[in-house]
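Colleague: Below is the file start-v3.pdb, which contains PDB, C-alpha atoms.
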```pdb
ATOM      1  CA  ASN E   1       0.000   0.000   0.000  1.00  0.00           C
ATOM      2  CA  ALA E   2       1.816   3.048  -1.259  1.00  0.00           C
ATOM      3  CA  GLY E   3       2.014   6.012   1.046  1.00  0.00           C
ATOM      4  CA  VAL E   4       1.318   9.623   0.220  1.00  0.00           C
ATOM      5  CA  MET E   5       3.185  10.595  -2.939  1.00  0.00           C
ATOM      6  CA  GLN E   6       4.365  14.053  -3.804  1.00  0.00           C
ATOM      7  CA  ASN E   7       6.075  15.236  -6.942  1.00  0.00           C
ATOM      8  CA  PRO E   8       8.317  16.697  -7.844  1.00  0.00           C
ATOM      9  CA  ARG E   9      10.520  16.268  -4.783  1.00  0.00           C
ATOM     10  CA  HIS E  10      12.568  19.303  -5.760  1.00  0.00           C
ATOM     11  CA  LEU E  11      11.419  22.170  -7.941  1.00  0.00           C
ATOM     12  CA  VAL E  12      13.422  25.175  -9.054  1.00  0.00           C
ATOM     13  CA  ARG E  13      11.662  28.175 -10.535  1.00  0.00           C
ATOM     14  CA  ARG E  14      12.684  31.672 -11.507  1.00  0.00           C
ATOM     15  CA  ARG E  15      10.792  34.645 -10.164  1.00  0.00           C
ATOM     16  CA  GLY E  16       7.565  35.158 -12.068  1.00  0.00           C
ATOM     17  CA  GLN E  17       7.150  31.544 -13.176  1.00  0.00           C
ATOM     18  CA  GLU E  18       4.432  29.187 -12.054  1.00  0.00           C
ATOM     19  CA  ALA E  19       4.947  26.251  -9.691  1.00  0.00           C
ATOM     20  CA  ARG E  20       2.681  23.205  -9.638  1.00  0.00           C
ATOM     21  CA  LEU E  21       3.002  20.775  -6.781  1.00  0.00           C
ATOM     22  CA  ARG E  22       1.210  17.440  -6.863  1.00  0.00           C
ATOM     23  CA  CYS E  23       0.001  15.229  -4.068  1.00  0.00           C
ATOM     24  CA  SER E  24      -1.470  11.760  -4.468  1.00  0.00           C
ATOM     25  CA  PRO E  25      -3.125  10.677  -1.225  1.00  0.00           C
ATOM     26  CA  MET E  26      -2.971   7.177   0.154  1.00  0.00           C
ATOM     27  CA  LYS E  27      -5.370   4.735  -1.439  1.00  0.00           C
ATOM     28  CA  GLY E  28      -8.812   5.166   0.033  1.00  0.00           C
ATOM     29  CA  HIS E  29      -8.085   8.602   1.476  1.00  0.00           C
ATOM     30  CA  SER E  30     -10.375  11.427   0.445  1.00  0.00           C
ATOM     31  CA  HIS E  31      -9.031  14.228   2.666  1.00  0.00           C
ATOM     32  CA  VAL E  32      -5.914  16.190   1.718  1.00  0.00           C
ATOM     33  CA  TYR E  33      -4.097  18.847   3.718  1.00  0.00           C
ATOM     34  CA  TRP E  34      -1.300  21.111   2.479  1.00  0.00           C
ATOM     35  CA  TYR E  35       1.282  22.521   4.889  1.00  0.00           C
ATOM     36  CA  ARG E  36       4.217  24.836   4.294  1.00  0.00           C
ATOM     37  CA  GLN E  37       7.519  24.990   6.113  1.00  0.00           C
ATOM     38  CA  LEU E  38       9.479  28.160   5.484  1.00  0.00           C
ATOM     39  CA  PRO E  39      13.266  28.007   6.062  1.00  0.00           C
ATOM     40  CA  GLU E  40      14.072  27.823   9.766  1.00  0.00           C
ATOM     41  CA  GLU E  41      10.369  28.011  10.655  1.00  0.00           C
ATOM     42  CA  GLY E  42       7.729  25.577  11.810  1.00  0.00           C
ATOM     43  CA  LEU E  43       5.034  23.925   9.752  1.00  0.00           C
ATOM     44  CA  LYS E  44       1.934  25.975   8.990  1.00  0.00           C
ATOM     45  CA  PHE E  45      -1.428  24.879   7.653  1.00  0.00           C
ATOM     46  CA  MET E  46      -2.394  26.150   4.212  1.00  0.00           C
ATOM     47  CA  VAL E  47      -5.502  24.402   2.923  1.00  0.00           C
ATOM     48  CA  TYR E  48      -7.749  21.393   3.533  1.00  0.00           C
ATOM     49  CA  LEU E  49      -9.582  19.755   0.657  1.00  0.00           C
ATOM     50  CA  GLN E  50     -11.918  16.870   0.065  1.00  0.00           C
ATOM     51  CA  LYS E  51     -12.684  15.546  -3.382  1.00  0.00           C
ATOM     52  CA  GLU E  52     -13.801  18.512  -5.517  1.00  0.00           C
ATOM     53  CA  ASN E  53     -14.255  20.748  -2.469  1.00  0.00           C
ATOM     54  CA  ILE E  54     -12.136  23.229  -0.567  1.00  0.00           C
ATOM     55  CA  ILE E  55     -13.100  22.835   3.081  1.00  0.00           C
ATOM     56  CA  ASP E  56     -10.729  25.288   4.776  1.00  0.00           C
ATOM     57  CA  GLU E  57      -8.336  27.644   3.017  1.00  0.00           C
ATOM     58  CA  SER E  58      -7.708  29.946   5.963  1.00  0.00           C
ATOM     59  CA  GLY E  59      -3.942  29.429   5.737  1.00  0.00           C
ATOM     60  CA  MET E  60      -3.582  30.220   2.055  1.00  0.00           C
ATOM     61  CA  PRO E  61      -2.018  33.526   1.015  1.00  0.00           C
ATOM     62  CA  LYS E  62      -4.719  35.705  -0.532  1.00  0.00           C
ATOM     63  CA  GLU E  63      -3.038  36.050  -3.901  1.00  0.00           C
ATOM     64  CA  ARG E  64      -1.169  33.785  -6.315  1.00  0.00           C
ATOM     65  CA  PHE E  65      -1.914  30.539  -4.444  1.00  0.00           C
ATOM     66  CA  SER E  66      -4.658  28.090  -5.339  1.00  0.00           C
ATOM     67  CA  ALA E  67      -5.403  24.447  -4.646  1.00  0.00           C
ATOM     68  CA  GLU E  68      -7.655  21.804  -6.081  1.00  0.00           C
ATOM     69  CA  PHE E  69      -8.460  18.158  -5.526  1.00  0.00           C
ATOM     70  CA  PRO E  70     -10.363  16.929  -8.576  1.00  0.00           C
ATOM     71  CA  LYS E  71     -12.565  13.873  -8.739  1.00  0.00           C
ATOM     72  CA  GLU E  72      -9.826  12.059 -10.623  1.00  0.00           C
ATOM     73  CA  GLY E  73      -6.104  12.590 -10.170  1.00  0.00           C
ATOM     74  CA  PRO E  74      -3.873  14.174  -7.579  1.00  0.00           C
ATOM     75  CA  SER E  75      -4.375  17.299  -5.537  1.00  0.00           C
ATOM     76  CA  ILE E  76      -2.549  20.281  -7.024  1.00  0.00           C
ATOM     77  CA  LEU E  77      -1.115  23.274  -5.198  1.00  0.00           C
ATOM     78  CA  ARG E  78      -0.476  26.019  -7.718  1.00  0.00           C
ATOM     79  CA  ILE E  79       1.636  29.099  -7.108  1.00  0.00           C
ATOM     80  CA  GLN E  80       1.535  31.748  -9.787  1.00  0.00           C
ATOM     81  CA  GLN E  81       4.249  34.350 -10.356  1.00  0.00           C
ATOM     82  CA  VAL E  82       6.524  32.900  -7.704  1.00  0.00           C
ATOM     83  CA  VAL E  83       8.691  35.155  -5.562  1.00  0.00           C
ATOM     84  CA  ARG E  84      11.774  34.320  -3.496  1.00  0.00           C
ATOM     85  CA  GLY E  85       9.658  34.261  -0.332  1.00  0.00           C
ATOM     86  CA  ASP E  86       7.768  31.250  -1.706  1.00  0.00           C
ATOM     87  CA  SER E  87      10.896  29.121  -1.317  1.00  0.00           C
ATOM     88  CA  ALA E  88       9.922  26.495   1.229  1.00  0.00           C
ATOM     89  CA  ALA E  89       9.117  22.844   1.753  1.00  0.00           C
ATOM     90  CA  TYR E  90       5.508  22.023   0.939  1.00  0.00           C
ATOM     91  CA  PHE E  91       4.065  18.932   2.558  1.00  0.00           C
ATOM     92  CA  CYS E  92       0.763  17.292   1.956  1.00  0.00           C
ATOM     93  CA  ALA E  93      -0.986  14.852   4.248  1.00  0.00           C
ATOM     94  CA  SER E  94      -4.007  12.664   3.704  1.00  0.00           C
ATOM     95  CA  SER E  95      -6.566  10.966   5.872  1.00  0.00           C
ATOM     96  CA  SER E  96      -9.582   8.766   5.392  1.00  0.00           C
ATOM     97  CA  GLU E  97     -13.213   9.682   5.958  1.00  0.00           C
ATOM     98  CA  ASP E  98     -13.624   7.510   9.023  1.00  0.00           C
ATOM     99  CA  ARG E  99     -10.211   8.191  10.601  1.00  0.00           C
ATOM    100  CA  TYR E 100      -9.850  11.837   9.741  1.00  0.00           C
ATOM    101  CA  ASN E 101      -7.704  12.486  12.820  1.00  0.00           C
ATOM    102  CA  GLU E 102      -4.931  10.276  11.518  1.00  0.00           C
ATOM    103  CA  GLN E 103      -2.930  12.144   8.902  1.00  0.00           C
ATOM    104  CA  PHE E 104      -0.179  10.519   6.855  1.00  0.00           C
ATOM    105  CA  PHE E 105       2.470  12.812   5.426  1.00  0.00           C
ATOM    106  CA  GLY E 106       4.119  12.820   2.039  1.00  0.00           C
ATOM    107  CA  PRO E 107       7.876  13.375   1.559  1.00  0.00           C
ATOM    108  CA  GLY E 108       7.405  17.014   0.637  1.00  0.00           C
ATOM    109  CA  THR E 109       8.327  19.185  -2.327  1.00  0.00           C
ATOM    110  CA  ARG E 110      11.203  21.583  -1.852  1.00  0.00           C
ATOM    111  CA  LEU E 111      10.592  24.683  -3.918  1.00  0.00           C
ATOM    112  CA  THR E 112      13.497  27.007  -4.621  1.00  0.00           C
ATOM    113  CA  VAL E 113      12.829  30.312  -6.328  1.00  0.00           C
ATOM    114  CA  LEU E 114      15.865  31.898  -7.929  1.00  0.00           C
TER     115      LEU E 114
ATOM    116  CA  LYS P 115      -7.119  29.171  18.702  1.00  0.00           C
ATOM    117  CA  ASN P 116      -4.827  26.527  20.103  1.00  0.00           C
ATOM    118  CA  GLU P 117      -1.327  27.463  21.135  1.00  0.00           C
ATOM    119  CA  VAL P 118       1.230  24.670  21.085  1.00  0.00           C
ATOM    120  CA  GLU P 119       4.482  25.023  22.974  1.00  0.00           C
ATOM    121  CA  GLN P 120       7.389  22.645  23.023  1.00  0.00           C
ATOM    122  CA  SER P 121      10.403  22.447  25.251  1.00  0.00           C
ATOM    123  CA  PRO P 122      13.276  22.379  25.041  1.00  0.00           C
ATOM    124  CA  GLN P 123      13.942  23.972  21.648  1.00  0.00           C
ATOM    125  CA  ASN P 124      17.333  22.313  21.388  1.00  0.00           C
ATOM    126  CA  LEU P 125      18.611  19.221  23.113  1.00  0.00           C
ATOM    127  CA  THR P 126      21.967  17.470  23.000  1.00  0.00           C
ATOM    128  CA  ALA P 127      22.608  14.082  24.552  1.00  0.00           C
ATOM    129  CA  GLN P 128      25.200  11.372  24.747  1.00  0.00           C
ATOM    130  CA  GLU P 129      24.370   8.032  23.231  1.00  0.00           C
ATOM    131  CA  GLY P 130      22.445   5.916  25.701  1.00  0.00           C
ATOM    132  CA  GLU P 131      20.836   8.771  27.606  1.00  0.00           C
ATOM    133  CA  PHE P 132      17.131   8.932  28.377  1.00  0.00           C
ATOM    134  CA  ILE P 133      15.485  11.869  26.609  1.00  0.00           C
ATOM    135  CA  THR P 134      12.260  13.733  27.321  1.00  0.00           C
ATOM    136  CA  ILE P 135      10.582  16.304  25.088  1.00  0.00           C
ATOM    137  CA  ASN P 136       7.551  18.186  26.342  1.00  0.00           C
ATOM    138  CA  CYS P 137       4.514  19.634  24.607  1.00  0.00           C
ATOM    139  CA  SER P 138       1.752  21.814  26.065  1.00  0.00           C
ATOM    140  CA  TYR P 139      -1.377  23.077  24.366  1.00  0.00           C
ATOM    141  CA  SER P 140      -4.018  25.555  25.414  1.00  0.00           C
ATOM    142  CA  VAL P 141      -7.337  24.164  24.151  1.00  0.00           C
ATOM    143  CA  GLY P 142      -8.807  20.694  24.680  1.00  0.00           C
ATOM    144  CA  ILE P 143      -8.220  18.290  21.815  1.00  0.00           C
ATOM    145  CA  SER P 144      -9.290  14.890  20.537  1.00  0.00           C
ATOM    146  CA  ALA P 145      -5.772  13.621  19.811  1.00  0.00           C
ATOM    147  CA  LEU P 146      -2.166  14.742  19.712  1.00  0.00           C
ATOM    148  CA  HIS P 147       0.479  13.837  17.157  1.00  0.00           C
ATOM    149  CA  TRP P 148       4.212  13.374  17.556  1.00  0.00           C
ATOM    150  CA  LEU P 149       6.176  13.709  14.320  1.00  0.00           C
ATOM    151  CA  GLN P 150       9.825  13.257  13.401  1.00  0.00           C
ATOM    152  CA  GLN P 151      11.682  15.208  10.736  1.00  0.00           C
ATOM    153  CA  HIS P 152      15.269  14.428   9.721  1.00  0.00           C
ATOM    154  CA  PRO P 153      17.406  17.222   8.233  1.00  0.00           C
ATOM    155  CA  GLY P 154      16.290  17.904   4.687  1.00  0.00           C
ATOM    156  CA  GLY P 155      13.891  15.019   4.974  1.00  0.00           C
ATOM    157  CA  GLY P 156      10.258  14.212   5.096  1.00  0.00           C
ATOM    158  CA  ILE P 157       7.968  13.909   8.052  1.00  0.00           C
ATOM    159  CA  VAL P 158       7.264  10.640   9.784  1.00  0.00           C
ATOM    160  CA  SER P 159       4.310  10.242  12.071  1.00  0.00           C
ATOM    161  CA  LEU P 160       5.487   8.602  15.293  1.00  0.00           C
ATOM    162  CA  PHE P 161       2.367   8.573  17.426  1.00  0.00           C
ATOM    163  CA  MET P 162      -1.192   9.733  17.551  1.00  0.00           C
ATOM    164  CA  LEU P 163      -2.642   9.482  21.018  1.00  0.00           C
ATOM    165  CA  SER P 164      -5.749  10.666  22.785  1.00  0.00           C
ATOM    166  CA  SER P 165      -5.150   9.276  26.277  1.00  0.00           C
ATOM    167  CA  GLY P 166      -2.642   7.427  28.405  1.00  0.00           C
ATOM    168  CA  LYS P 167       0.524   6.097  26.897  1.00  0.00           C
ATOM    169  CA  LYS P 168       1.819   4.478  23.718  1.00  0.00           C
ATOM    170  CA  LYS P 169       5.091   2.668  23.130  1.00  0.00           C
ATOM    171  CA  HIS P 170       6.899   1.831  19.916  1.00  0.00           C
ATOM    172  CA  GLY P 171      10.363   0.377  20.266  1.00  0.00           C
ATOM    173  CA  ARG P 172      12.458   2.830  22.269  1.00  0.00           C
ATOM    174  CA  LEU P 173       9.891   5.599  21.922  1.00  0.00           C
ATOM    175  CA  ILE P 174       7.194   6.263  24.499  1.00  0.00           C
ATOM    176  CA  ALA P 175       4.535   8.964  24.284  1.00  0.00           C
ATOM    177  CA  THR P 176       2.278   9.988  27.137  1.00  0.00           C
ATOM    178  CA  ILE P 177      -0.557  12.458  27.353  1.00  0.00           C
ATOM    179  CA  ASN P 178      -2.398  14.069  30.257  1.00  0.00           C
ATOM    180  CA  ILE P 179      -5.663  15.446  28.907  1.00  0.00           C
ATOM    181  CA  GLN P 180      -6.562  17.324  32.097  1.00  0.00           C
ATOM    182  CA  GLU P 181      -3.221  19.121  32.205  1.00  0.00           C
ATOM    183  CA  LYS P 182      -3.089  19.580  28.409  1.00  0.00           C
ATOM    184  CA  HIS P 183       0.414  18.172  28.292  1.00  0.00           C
ATOM    185  CA  SER P 184       2.222  15.425  26.435  1.00  0.00           C
ATOM    186  CA  SER P 185       5.745  14.027  26.624  1.00  0.00           C
ATOM    187  CA  LEU P 186       7.846  12.064  24.185  1.00  0.00           C
ATOM    188  CA  HIS P 187      10.531   9.871  25.730  1.00  0.00           C
ATOM    189  CA  ILE P 188      13.409   8.132  23.991  1.00  0.00           C
ATOM    190  CA  THR P 189      15.140   5.396  25.929  1.00  0.00           C
ATOM    191  CA  ALA P 190      18.741   4.362  25.201  1.00  0.00           C
ATOM    192  CA  SER P 191      19.160   7.194  22.691  1.00  0.00           C
ATOM    193  CA  HIS P 192      21.237   6.638  19.571  1.00  0.00           C
ATOM    194  CA  PRO P 193      22.839   9.053  17.058  1.00  0.00           C
ATOM    195  CA  ARG P 194      20.264   7.977  14.469  1.00  0.00           C
ATOM    196  CA  ASP P 195      17.584   9.497  16.740  1.00  0.00           C
ATOM    197  CA  SER P 196      19.022  12.920  15.865  1.00  0.00           C
ATOM    198  CA  ALA P 197      16.164  14.816  14.252  1.00  0.00           C
ATOM    199  CA  VAL P 198      13.551  17.472  14.904  1.00  0.00           C
ATOM    200  CA  TYR P 199      10.601  16.236  16.935  1.00  0.00           C
ATOM    201  CA  ILE P 200       7.340  18.080  16.471  1.00  0.00           C
ATOM    202  CA  CYS P 201       4.068  17.848  18.336  1.00  0.00           C
ATOM    203  CA  ALA P 202       0.846  18.819  16.624  1.00  0.00           C
ATOM    204  CA  VAL P 203      -2.796  19.126  17.614  1.00  0.00           C
ATOM    205  CA  PRO P 204      -5.909  19.265  15.439  1.00  0.00           C
ATOM    206  CA  GLU P 205      -8.058  22.387  15.283  1.00  0.00           C
ATOM    207  CA  ASN P 206     -11.531  23.017  13.876  1.00  0.00           C
ATOM    208  CA  THR P 207     -11.531  21.192  10.558  1.00  0.00           C
ATOM    209  CA  ASP P 208      -8.806  18.874  11.854  1.00  0.00           C
ATOM    210  CA  LYS P 209      -6.023  20.848  10.272  1.00  0.00           C
ATOM    211  CA  LEU P 210      -2.936  20.428  12.419  1.00  0.00           C
ATOM    212  CA  ILE P 211      -1.365  23.189  14.472  1.00  0.00           C
ATOM    213  CA  PHE P 212       2.317  22.499  15.086  1.00  0.00           C
ATOM    214  CA  GLY P 213       4.774  23.244  17.837  1.00  0.00           C
ATOM    215  CA  THR P 214       8.044  24.873  16.868  1.00  0.00           C
ATOM    216  CA  GLY P 215       9.886  21.584  17.205  1.00  0.00           C
ATOM    217  CA  THR P 216      12.699  20.266  19.369  1.00  0.00           C
ATOM    218  CA  ARG P 217      16.029  19.768  17.627  1.00  0.00           C
ATOM    219  CA  LEU P 218      17.716  16.707  19.128  1.00  0.00           C
ATOM    220  CA  GLN P 219      21.360  15.791  18.578  1.00  0.00           C
ATOM    221  CA  VAL P 220      22.682  12.553  20.025  1.00  0.00           C
ATOM    222  CA  PHE P 221      26.455  12.189  20.047  1.00  0.00           C
ATOM    223  CA  PRO P 222      28.273   8.847  20.108  1.00  0.00           C
TER     224      PRO P 222
END
```
Please, can you express the file's structure as structure tokens?
Modeller:
Amino acid sequence: NAGVMQNPRHLVRRRGQEARLRCSPMKGHSHVYWYRQLPEEGLKFMVYLQKENIIDESGMPKERFSAEFPKEGPSILRIQQVVRGDSAAYFCASSSEDRYNEQFFGPGTRLTVL
Amino acid sequence: KNEVEQSPQNLTAQEGEFITINCSYSVGISALHWLQQHPGGGIVSLFMLSSGKKKHGRLIATINIQEKHSSLHITASHPRDSAVYICAVPENTDKLIFGTGTRLQVFP
């Protein structure tokens, strides 16, 4: 049973480009959470999604960031017009409907903006 | 809003020592998570507990719901235990709120 998959593991972008981060939850999991870890800082919640729905996006920056979790395929965290301050590790976690308290983490995507 | 505090922030130990990391939170919760993060690495979930005590190998986690406090213990510590240990609690929609982490270094 594969765990939570994230790709790419490392992503380098120049300022102004777009970054797309993908998260495939564990099999049978319908809840996805995205967290961000800025350099030398703790983890912070960004957004919580269920299939085709955004449940809580209170941690998402107001501009340039968006997330989706379509009926088919992985969850996508999209950052438009990246800036140096977006450089961070982005982790996703997934949980199942009946054990929503138990989150399993992916390996993370390390985004570097040049 | 839940506040999560961990102590100590940094911890060094000699191989074989018994280690304790503490976590306090301000609002009642359904469960608490202990996570491990190696340098440049991913996050591994060590424990999720809602009461009492759990043990996995040399790791023991305890929680006191009334006092809103949890501890993570490592017995017979080893250099490979060197990592950042993070406690986290769920809030509202079950998003996790994280402590700042405890950076542990175990020397041979």
Colleague: I need every residue sitting at most 10 Å from the point (-0.5, 15.6, 29.4) (coordinates as in the file, only C-alpha atoms considered), written as a ChimeraX atom specification.
Modeller: /P:136-139,146,164-167,175-185
Colleague: Apply the ChimeraX specification (/P :<9) & /E to the file shown and report the selected residues as a PyMOL selection string.
Modeller: chain E and resi 33+35+41-48+55-56+91+100-108
Colleague: Quick one, how far is CA of Glu63 in chain E from CA of Pro8 in chain E?
Modeller: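 Straight-line distance from CA of Glu63 in chain E to CA of Pro8 in chain E works out to 22.8 Å.
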Colleague: Which residues are close to range 14-28 of chain E, i.e. within 6 Å by all atoms listed in the file, leaving aside same-chain residues fewer than 6 positions away? Reply as an mmCIF file with C-alpha atoms, in the frame of the given file.
Modeller:
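Listed below is the output, out20.cif:
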```cif
data_model
loop_
_atom_site.group_PDB
_atom_site.id
_atom_site.type_symbol
_atom_site.label_atom_id
_atom_site.label_comp_id
_atom_site.auth_asym_id
_atom_site.auth_seq_id
_atom_site.Cartn_x
_atom_site.Cartn_y
_atom_site.Cartn_z
ATOM 1 C CA GLY E 3 2.014 6.012 1.046
ATOM 2 C CA VAL E 4 1.318 9.623 0.220
ATOM 3 C CA MET E 5 3.185 10.595 -2.939
ATOM 4 C CA GLN E 6 4.365 14.053 -3.804
ATOM 5 C CA ASN E 7 6.075 15.236 -6.942
ATOM 6 C CA PRO E 74 -3.873 14.174 -7.579
ATOM 7 C CA SER E 75 -4.375 17.299 -5.537
ATOM 8 C CA ILE E 76 -2.549 20.281 -7.024
ATOM 9 C CA LEU E 77 -1.115 23.274 -5.198
ATOM 10 C CA ARG E 78 -0.476 26.019 -7.718
ATOM 11 C CA ILE E 79 1.636 29.099 -7.108
ATOM 12 C CA GLN E 80 1.535 31.748 -9.787
ATOM 13 C CA GLN E 81 4.249 34.350 -10.356
ATOM 14 C CA VAL E 82 6.524 32.900 -7.704
ATOM 15 C CA VAL E 83 8.691 35.155 -5.562
ATOM 16 C CA SER E 94 -4.007 12.664 3.704
ATOM 17 C CA VAL E 113 12.829 30.312 -6.328
ATOM 18 C CA LEU E 114 15.865 31.898 -7.929
#
```
Colleague: Quick check on the file I pasted: which residues fall under the PyMOL selection byres ((chain P and resi 194) around 10)? Write them as a list of chain:residue names.
Modeller: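 Evaluating the PyMOL selection byres ((chain P and resi 194) around 10) on this file yields P:Glu129, P:His152, P:Ser191, P:His192, P:Pro193, P:Asp195, P:Ser196, P:Ala197, P:Gln219, P:Val220, P:Phe221, P:Pro222.
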Colleague: In Å to one decimal, how far is CA of Pro61 in chain E from CA of Tyr90 in chain E?
Modeller: 13.7 Å
Colleague: For a test of reading the model, state the distance in Å between CA of Trp148 in chain P and CA of Arg36 in chain E, rounded to one decimal.
Modeller: 17.5 Å
Colleague: Counting all atoms listed in the file, which of E:Lys71, E:Gly85, E:Trp34, E:Pro39 gets nearest to Gly59 in chain E?
Modeller: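 Answer, going by the shortest atom-to-atom distance: E:Trp34.
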